[in-house]
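Colleague: I am sharing entry.pdb, which consists of PDB, C-alpha atoms, pLDDT in the B column:
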MODEL        1
ATOM      1  CA  MET J   1       7.270  19.376   2.833  1.00 46.00           C
ATOM      2  CA  THR J   2       6.601  17.101   5.783  1.00 54.00           C
ATOM      3  CA  ASP J   3       7.689  13.498   6.127  1.00 63.00           C
ATOM      4  CA  LYS J   4       4.070  12.478   5.519  1.00 64.00           C
ATOM      5  CA  ASP J   5       4.143  14.297   2.188  1.00 67.00           C
ATOM      6  CA  LEU J   6       7.441  12.703   1.227  1.00 71.00           C
ATOM      7  CA  TYR J   7       6.591   9.173   2.300  1.00 80.00           C
ATOM      8  CA  GLY J   8       2.898   9.059   1.385  1.00 85.00           C
ATOM      9  CA  GLU J   9       3.481   7.853  -2.158  1.00 86.00           C
ATOM     10  CA  LEU J  10       6.105   5.341  -1.016  1.00 87.00           C
ATOM     11  CA  ILE J  11       3.565   3.931   1.414  1.00 92.00           C
ATOM     12  CA  ARG J  12       0.990   3.677  -1.381  1.00 93.00           C
ATOM     13  CA  LEU J  13       3.535   1.745  -3.453  1.00 93.00           C
ATOM     14  CA  HIS J  14       4.160  -0.602  -0.508  1.00 93.00           C
ATOM     15  CA  ILE J  15       0.409  -1.143  -0.234  1.00 96.00           C
ATOM     16  CA  LEU J  16       0.081  -1.964  -3.941  1.00 96.00           C
ATOM     17  CA  HIS J  17       3.139  -4.221  -3.799  1.00 95.00           C
ATOM     18  CA  HIS J  18       1.752  -6.250  -0.906  1.00 96.00           C
ATOM     19  CA  ALA J  19      -1.742  -6.340  -2.422  1.00 97.00           C
ATOM     20  CA  ALA J  20      -0.171  -7.773  -5.591  1.00 97.00           C
ATOM     21  CA  GLU J  21       1.268 -10.622  -3.503  1.00 96.00           C
ATOM     22  CA  GLU J  22      -1.950 -11.427  -1.605  1.00 96.00           C
ATOM     23  CA  PRO J  23      -5.163  -9.791  -0.391  1.00 96.00           C
ATOM     24  CA  ILE J  24      -4.535  -7.303   2.420  1.00 96.00           C
ATOM     25  CA  PHE J  25      -6.527  -5.830   5.298  1.00 94.00           C
ATOM     26  CA  GLY J  26      -6.030  -2.755   7.462  1.00 93.00           C
ATOM     27  CA  LEU J  27      -4.358  -4.093  10.604  1.00 92.00           C
ATOM     28  CA  GLY J  28      -2.252  -6.544   8.621  1.00 94.00           C
ATOM     29  CA  ILE J  29      -0.862  -3.849   6.330  1.00 96.00           C
ATOM     30  CA  ILE J  30      -0.263  -1.510   9.297  1.00 96.00           C
ATOM     31  CA  GLU J  31       1.891  -4.253  10.846  1.00 95.00           C
ATOM     32  CA  GLU J  32       3.670  -4.898   7.535  1.00 93.00           C
ATOM     33  CA  LEU J  33       4.413  -1.201   7.054  1.00 93.00           C
ATOM     34  CA  ARG J  34       5.770  -1.062  10.614  1.00 93.00           C
ATOM     35  CA  HIS J  35       8.393  -3.634   9.513  1.00 92.00           C
ATOM     36  CA  HIS J  36       9.492  -1.077   6.913  1.00 88.00           C
ATOM     37  CA  GLY J  37       9.757   1.692   9.507  1.00 88.00           C
ATOM     38  CA  TYR J  38       6.414   3.407   8.885  1.00 88.00           C
ATOM     39  CA  GLU J  39       4.284   4.069  11.962  1.00 89.00           C
ATOM     40  CA  MET J  40       0.710   4.518  10.791  1.00 88.00           C
ATOM     41  CA  SER J  41      -2.636   4.801  12.462  1.00 92.00           C
ATOM     42  CA  ALA J  42      -5.839   3.426  11.019  1.00 92.00           C
ATOM     43  CA  GLY J  43      -6.947   7.044  10.584  1.00 93.00           C
ATOM     44  CA  THR J  44      -4.052   7.582   8.167  1.00 91.00           C
ATOM     45  CA  LEU J  45      -4.120   4.211   6.417  1.00 94.00           C
ATOM     46  CA  TYR J  46      -7.812   3.855   5.609  1.00 95.00           C
ATOM     47  CA  PRO J  47      -8.037   7.098   3.608  1.00 95.00           C
ATOM     48  CA  MET J  48      -5.059   5.825   1.574  1.00 95.00           C
ATOM     49  CA  LEU J  49      -6.762   2.479   0.945  1.00 96.00           C
ATOM     50  CA  HIS J  50     -10.016   4.208   0.008  1.00 96.00           C
ATOM     51  CA  GLY J  51      -8.127   6.576  -2.302  1.00 96.00           C
ATOM     52  CA  LEU J  52      -6.384   3.670  -4.045  1.00 97.00           C
ATOM     53  CA  GLU J  53      -9.752   1.980  -4.417  1.00 97.00           C
ATOM     54  CA  LYS J  54     -11.350   5.146  -5.788  1.00 97.00           C
ATOM     55  CA  LYS J  55      -8.563   5.388  -8.408  1.00 97.00           C
ATOM     56  CA  GLY J  56      -9.290   1.806  -9.434  1.00 97.00           C
ATOM     57  CA  TYR J  57      -6.016   0.329  -8.151  1.00 98.00           C
ATOM     58  CA  LEU J  58      -7.651  -1.758  -5.406  1.00 98.00           C
ATOM     59  CA  SER J  59     -11.021  -3.402  -4.971  1.00 98.00           C
ATOM     60  CA  SER J  60     -12.472  -4.489  -1.652  1.00 97.00           C
ATOM     61  CA  HIS J  61     -15.023  -6.784  -0.155  1.00 96.00           C
ATOM     62  CA  HIS J  62     -16.097  -7.732   3.357  1.00 94.00           C
ATOM     63  CA  GLU J  63     -14.938 -11.056   4.717  1.00 91.00           C
ATOM     64  CA  ARG J  64     -16.072 -12.720   7.917  1.00 89.00           C
ATOM     65  CA  THR J  65     -13.508 -14.574  10.024  1.00 81.00           C
ATOM     66  CA  GLY J  66     -15.124 -16.027  13.104  1.00 83.00           C
ATOM     67  CA  ARG J  67     -17.087 -13.254  14.778  1.00 87.00           C
ATOM     68  CA  ARG J  68     -15.117 -10.489  13.072  1.00 87.00           C
ATOM     69  CA  GLU J  69     -15.803  -8.954   9.724  1.00 91.00           C
ATOM     70  CA  ARG J  70     -12.982  -7.190   7.926  1.00 91.00           C
ATOM     71  CA  ARG J  71     -12.631  -5.338   4.682  1.00 95.00           C
ATOM     72  CA  VAL J  72     -10.157  -7.097   2.405  1.00 96.00           C
ATOM     73  CA  TYR J  73      -8.415  -5.302  -0.448  1.00 97.00           C
ATOM     74  CA  GLU J  74      -7.098  -6.855  -3.655  1.00 97.00           C
ATOM     75  CA  ILE J  75      -5.108  -5.273  -6.450  1.00 98.00           C
ATOM     76  CA  THR J  76      -6.922  -4.748  -9.741  1.00 98.00           C
ATOM     77  CA  GLY J  77      -5.572  -5.029 -13.283  1.00 97.00           C
ATOM     78  CA  GLN J  78      -5.268  -1.250 -13.357  1.00 97.00           C
ATOM     79  CA  GLY J  79      -3.375  -1.415 -10.060  1.00 97.00           C
ATOM     80  CA  ARG J  80      -0.945  -3.964 -11.494  1.00 97.00           C
ATOM     81  CA  VAL J  81      -0.253  -1.700 -14.474  1.00 96.00           C
ATOM     82  CA  ALA J  82       0.293   1.307 -12.183  1.00 95.00           C
ATOM     83  CA  LEU J  83       2.596  -0.749  -9.949  1.00 95.00           C
ATOM     84  CA  ALA J  84       4.663  -1.940 -12.925  1.00 94.00           C
ATOM     85  CA  GLU J  85       5.037   1.636 -14.151  1.00 93.00           C
ATOM     86  CA  ALA J  86       5.964   2.829 -10.665  1.00 92.00           C
ATOM     87  CA  ARG J  87       8.586   0.073 -10.324  1.00 90.00           C
ATOM     88  CA  ALA J  88      10.320   1.365 -13.448  1.00 89.00           C
ATOM     89  CA  LYS J  89      10.305   4.916 -12.073  1.00 88.00           C
ATOM     90  CA  VAL J  90      11.550   3.775  -8.654  1.00 85.00           C
ATOM     91  CA  LYS J  91      14.344   1.799 -10.302  1.00 84.00           C
ATOM     92  CA  GLU J  92      15.394   4.894 -12.240  1.00 83.00           C
ATOM     93  CA  LEU J  93      15.254   7.061  -9.108  1.00 81.00           C
ATOM     94  CA  PHE J  94      17.168   4.451  -7.110  1.00 79.00           C
ATOM     95  CA  GLY J  95      19.926   4.605  -9.720  1.00 78.00           C
ATOM     96  CA  GLU J  96      20.174   8.365  -9.319  1.00 78.00           C
ATOM     97  CA  LEU J  97      19.930   8.462  -5.533  1.00 77.00           C
ATOM     98  CA  ILE J  98      22.038   5.463  -4.570  1.00 81.00           C
ATOM     99  CA  GLU J  99      24.201   4.473  -7.477  1.00 73.00           C
ATOM    100  CA  GLY J 100      24.904   8.001  -8.745  1.00 67.00           C
ATOM    101  CA  HIS J 101      23.814   7.346 -12.341  1.00 57.00           C
TER     102      HIS J 101
ENDMDL
END
As C-alpha cells - that is how I would like this structure written.

Modeller:
Amino acid sequence: MTDKDLYGELIRLHILHHAAEEPIFGLGIIEELRHHGYEMSAGTLYPMLHGLEKKGYLSSHHERTGRRERRVYEITGQGRVALAEARAKVKELFGELIEGH
C-alpha cells in the first residue's frame, strides 16, 4: 500500500468537510490541503473531485470571477449524510489509534 492509497480517503474526507463549510474550487482546496500536509497536483485532485461528484457527494457549476472562470463544488445532501457517517467512523478509529480504546 502506498501513501496515496492510505491517504486518499482522508483527503476525500477533508474535501467533503471543507465543502460542507463553503463552496470550494480546485486551487483553493489544493492550498487548504497543503496546510494539512498533503502535497497535491491538479492532476491528482480533479479526478477526486469528479469522483465525489459522480457518487453524488458534490455538485459543481462554473462561476466567472473577472476574466477567469472556475468550477465551484458544493456538498450535496447525500454528501452531508456520507460525511456525518464518516465522522462517526473516524471518531471510533481515532479512539483506537490514539486513545487506545

Colleague: Name the residues that the PyMOL selection byres ((chain J and resi 16) around 9) pulls out of this structure, and write them as a PyMOL selection string.

Modeller: chain J and resi 11-15+17-21+52+57-58+74-75+79-80+82-83

Colleague: Deliver the residues from the most recent selection as a file, using C-alpha atoms, as a compact mmCIF listing (two decimals), in the frame of the given file.

Modeller:
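Result saved to result.txt:
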# COMPACT_ATOMS: atom_id res chain seq x y z
CA ILE J 11 3.56 3.93 1.41
CA ARG J 12 0.99 3.68 -1.38
CA LEU J 13 3.54 1.74 -3.45
CA HIS J 14 4.16 -0.60 -0.51
CA ILE J 15 0.41 -1.14 -0.23
CA HIS J 17 3.14 -4.22 -3.80
CA HIS J 18 1.75 -6.25 -0.91
CA ALA J 19 -1.74 -6.34 -2.42
CA ALA J 20 -0.17 -7.77 -5.59
CA GLU J 21 1.27 -10.62 -3.50
CA LEU J 52 -6.38 3.67 -4.04
CA TYR J 57 -6.02 0.33 -8.15
CA LEU J 58 -7.65 -1.76 -5.41
CA GLU J 74 -7.10 -6.86 -3.66
CA ILE J 75 -5.11 -5.27 -6.45
CA GLY J 79 -3.38 -1.42 -10.06
CA ARG J 80 -0.94 -3.96 -11.49
CA ALA J 82 0.29 1.31 -12.18
CA LEU J 83 2.60 -0.75 -9.95

Colleague: Report the distance between atom CA of J:Arg71 and atom CA of J:Ala42 in Å, rounded to one decimal place.

Modeller: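 It comes out at 12.8 Å.
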
Colleague: Pick from J:Gly77, J:Gly26, J:Glu85, J:Ser60: nearest to J:Gly43, with all atoms listed in the file counted?

Modeller: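 Nearest candidate to J:Gly43 out of J:Gly77, J:Gly26, J:Glu85, J:Ser60: J:Gly26.
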
Colleague: Distance atom CA of J:Arg64-atom CA of J:Arg34, one decimal place?

Modeller: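 Interatomic distance, atom CA of J:Arg64 to atom CA of J:Arg34: 24.9 Å.
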
Colleague: Go through the shown structure with the PyMOL selection byres ((chain J and resi 39) around 12) and write out the matching residues as an MDAnalysis selection string.

Modeller: chainID J and resid 3:4 7:8 11 27 29:38 40:45

Colleague: Pick from J:Lys55, J:Arg67, J:Lys89, J:His50: nearest to J:Phe25, with all atoms listed in the file counted?

Modeller: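 That would be J:His50, the residue with the smallest distance to J:Phe25.
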
Colleague: To one decimal place in Å, what is the distance between atom CA of J:His61 and atom CA of J:Ala86?

Modeller: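 Between atom CA of J:His61 and atom CA of J:Ala86 the gap is 25.4 Å.
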
Colleague: Taking into account only C-alpha atoms, which residue in the set J:Lys54, J:Arg87, J:His62, J:Arg70 is nearest to J:Leu10?

Modeller: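 Nearest candidate to J:Leu10 out of J:Lys54, J:Arg87, J:His62, J:Arg70: J:Arg87.
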
Colleague: Kindly indicate which residue among J:Gly51, J:Gly56, J:Gly28, J:Glu96 lies nearest to J:Thr76, using only C-alpha atoms for the distances.

Modeller: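 The answer is J:Gly56, which sits nearest to J:Thr76.
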
Colleague: Find, counting all atoms listed in the file, the residue in J:Met48, J:Leu93, J:Ala88, J:Ile24 that gets nearest to J:Val72.

Modeller: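 Residue with the minimum atom-to-atom distance to J:Val72: J:Ile24.
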
Colleague: Please produce stretch 30-49 of chain J, completed to N, CA, C and O atoms, as a PDB file, keeping the file's coordinate frame.

Modeller:
ATOM      1  N   ILE J  30      -0.889  -2.397   8.310  1.00 96.00           N
ATOM      2  CA  ILE J  30      -0.263  -1.510   9.297  1.00 96.00           C
ATOM      3  C   ILE J  30       0.942  -2.212   9.915  1.00 96.00           C
ATOM      4  O   ILE J  30       2.019  -1.622  10.054  1.00 96.00           O
ATOM      5  N   GLU J  31       0.777  -3.484  10.266  1.00 95.00           N
ATOM      6  CA  GLU J  31       1.891  -4.253  10.846  1.00 95.00           C
ATOM      7  C   GLU J  31       3.006  -4.449   9.825  1.00 95.00           C
ATOM      8  O   GLU J  31       4.189  -4.334  10.157  1.00 95.00           O
ATOM      9  N   GLU J  32       2.659  -4.722   8.584  1.00 93.00           N
ATOM     10  CA  GLU J  32       3.670  -4.898   7.535  1.00 93.00           C
ATOM     11  C   GLU J  32       4.446  -3.602   7.318  1.00 93.00           C
ATOM     12  O   GLU J  32       5.677  -3.616   7.209  1.00 93.00           O
ATOM     13  N   LEU J  33       3.745  -2.488   7.254  1.00 93.00           N
ATOM     14  CA  LEU J  33       4.413  -1.201   7.054  1.00 93.00           C
ATOM     15  C   LEU J  33       5.319  -0.860   8.231  1.00 93.00           C
ATOM     16  O   LEU J  33       6.371  -0.243   8.049  1.00 93.00           O
ATOM     17  N   ARG J  34       4.930  -1.275   9.428  1.00 93.00           N
ATOM     18  CA  ARG J  34       5.770  -1.062  10.614  1.00 93.00           C
ATOM     19  C   ARG J  34       7.118  -1.757  10.434  1.00 93.00           C
ATOM     20  O   ARG J  34       8.150  -1.229  10.838  1.00 93.00           O
ATOM     21  N   HIS J  35       7.128  -2.924   9.783  1.00 92.00           N
ATOM     22  CA  HIS J  35       8.393  -3.634   9.513  1.00 92.00           C
ATOM     23  C   HIS J  35       9.308  -2.814   8.606  1.00 92.00           C
ATOM     24  O   HIS J  35      10.514  -2.998   8.607  1.00 92.00           O
ATOM     25  N   HIS J  36       8.717  -1.924   7.821  1.00 88.00           N
ATOM     26  CA  HIS J  36       9.492  -1.077   6.913  1.00 88.00           C
ATOM     27  C   HIS J  36       9.800   0.289   7.535  1.00 88.00           C
ATOM     28  O   HIS J  36      10.315   1.167   6.850  1.00 88.00           O
ATOM     29  N   GLY J  37       9.440   0.455   8.805  1.00 88.00           N
ATOM     30  CA  GLY J  37       9.757   1.692   9.507  1.00 88.00           C
ATOM     31  C   GLY J  37       8.691   2.766   9.451  1.00 88.00           C
ATOM     32  O   GLY J  37       8.928   3.896   9.865  1.00 88.00           O
ATOM     33  N   TYR J  38       7.508   2.435   8.947  1.00 88.00           N
ATOM     34  CA  TYR J  38       6.414   3.407   8.885  1.00 88.00           C
ATOM     35  C   TYR J  38       5.460   3.157  10.039  1.00 88.00           C
ATOM     36  O   TYR J  38       4.920   2.063  10.167  1.00 88.00           O
ATOM     37  N   GLU J  39       5.265   4.155  10.883  1.00 89.00           N
ATOM     38  CA  GLU J  39       4.284   4.069  11.962  1.00 89.00           C
ATOM     39  C   GLU J  39       3.017   4.751  11.480  1.00 89.00           C
ATOM     40  O   GLU J  39       3.021   5.949  11.224  1.00 89.00           O
ATOM     41  N   MET J  40       1.958   3.976  11.328  1.00 88.00           N
ATOM     42  CA  MET J  40       0.710   4.518  10.791  1.00 88.00           C
ATOM     43  C   MET J  40      -0.456   4.165  11.696  1.00 88.00           C
ATOM     44  O   MET J  40      -0.503   3.077  12.251  1.00 88.00           O
ATOM     45  N   SER J  41      -1.388   5.079  11.758  1.00 92.00           N
ATOM     46  CA  SER J  41      -2.636   4.801  12.462  1.00 92.00           C
ATOM     47  C   SER J  41      -3.682   4.385  11.428  1.00 92.00           C
ATOM     48  O   SER J  41      -3.523   4.636  10.230  1.00 92.00           O
ATOM     49  N   ALA J  42      -4.738   3.791  11.909  1.00 92.00           N
ATOM     50  CA  ALA J  42      -5.839   3.426  11.019  1.00 92.00           C
ATOM     51  C   ALA J  42      -6.423   4.679  10.367  1.00 92.00           C
ATOM     52  O   ALA J  42      -6.835   4.654   9.214  1.00 92.00           O
ATOM     53  N   GLY J  43      -6.418   5.794  11.105  1.00 93.00           N
ATOM     54  CA  GLY J  43      -6.947   7.044  10.584  1.00 93.00           C
ATOM     55  C   GLY J  43      -6.139   7.609   9.425  1.00 93.00           C
ATOM     56  O   GLY J  43      -6.634   8.415   8.653  1.00 93.00           O
ATOM     57  N   THR J  44      -4.895   7.181   9.297  1.00 91.00           N
ATOM     58  CA  THR J  44      -4.052   7.582   8.167  1.00 91.00           C
ATOM     59  C   THR J  44      -4.138   6.552   7.047  1.00 91.00           C
ATOM     60  O   THR J  44      -4.205   6.902   5.873  1.00 91.00           O
ATOM     61  N   LEU J  45      -4.139   5.274   7.422  1.00 94.00           N
ATOM     62  CA  LEU J  45      -4.120   4.211   6.417  1.00 94.00           C
ATOM     63  C   LEU J  45      -5.422   4.109   5.626  1.00 94.00           C
ATOM     64  O   LEU J  45      -5.386   4.019   4.396  1.00 94.00           O
ATOM     65  N   TYR J  46      -6.551   4.116   6.316  1.00 95.00           N
ATOM     66  CA  TYR J  46      -7.812   3.855   5.609  1.00 95.00           C
ATOM     67  C   TYR J  46      -8.123   4.880   4.524  1.00 95.00           C
ATOM     68  O   TYR J  46      -8.585   4.490   3.445  1.00 95.00           O
ATOM     69  N   PRO J  47      -7.846   6.167   4.732  1.00 95.00           N
ATOM     70  CA  PRO J  47      -8.037   7.098   3.608  1.00 95.00           C
ATOM     71  C   PRO J  47      -7.137   6.764   2.410  1.00 95.00           C
ATOM     72  O   PRO J  47      -7.543   6.940   1.258  1.00 95.00           O
ATOM     73  N   MET J  48      -5.940   6.253   2.674  1.00 95.00           N
ATOM     74  CA  MET J  48      -5.059   5.825   1.574  1.00 95.00           C
ATOM     75  C   MET J  48      -5.671   4.642   0.830  1.00 95.00           C
ATOM     76  O   MET J  48      -5.699   4.621  -0.397  1.00 95.00           O
ATOM     77  N   LEU J  49      -6.146   3.651   1.576  1.00 96.00           N
ATOM     78  CA  LEU J  49      -6.762   2.479   0.945  1.00 96.00           C
ATOM     79  C   LEU J  49      -7.990   2.893   0.141  1.00 96.00           C
ATOM     80  O   LEU J  49      -8.171   2.452  -0.999  1.00 96.00           O
TER      81      LEU J  49
END
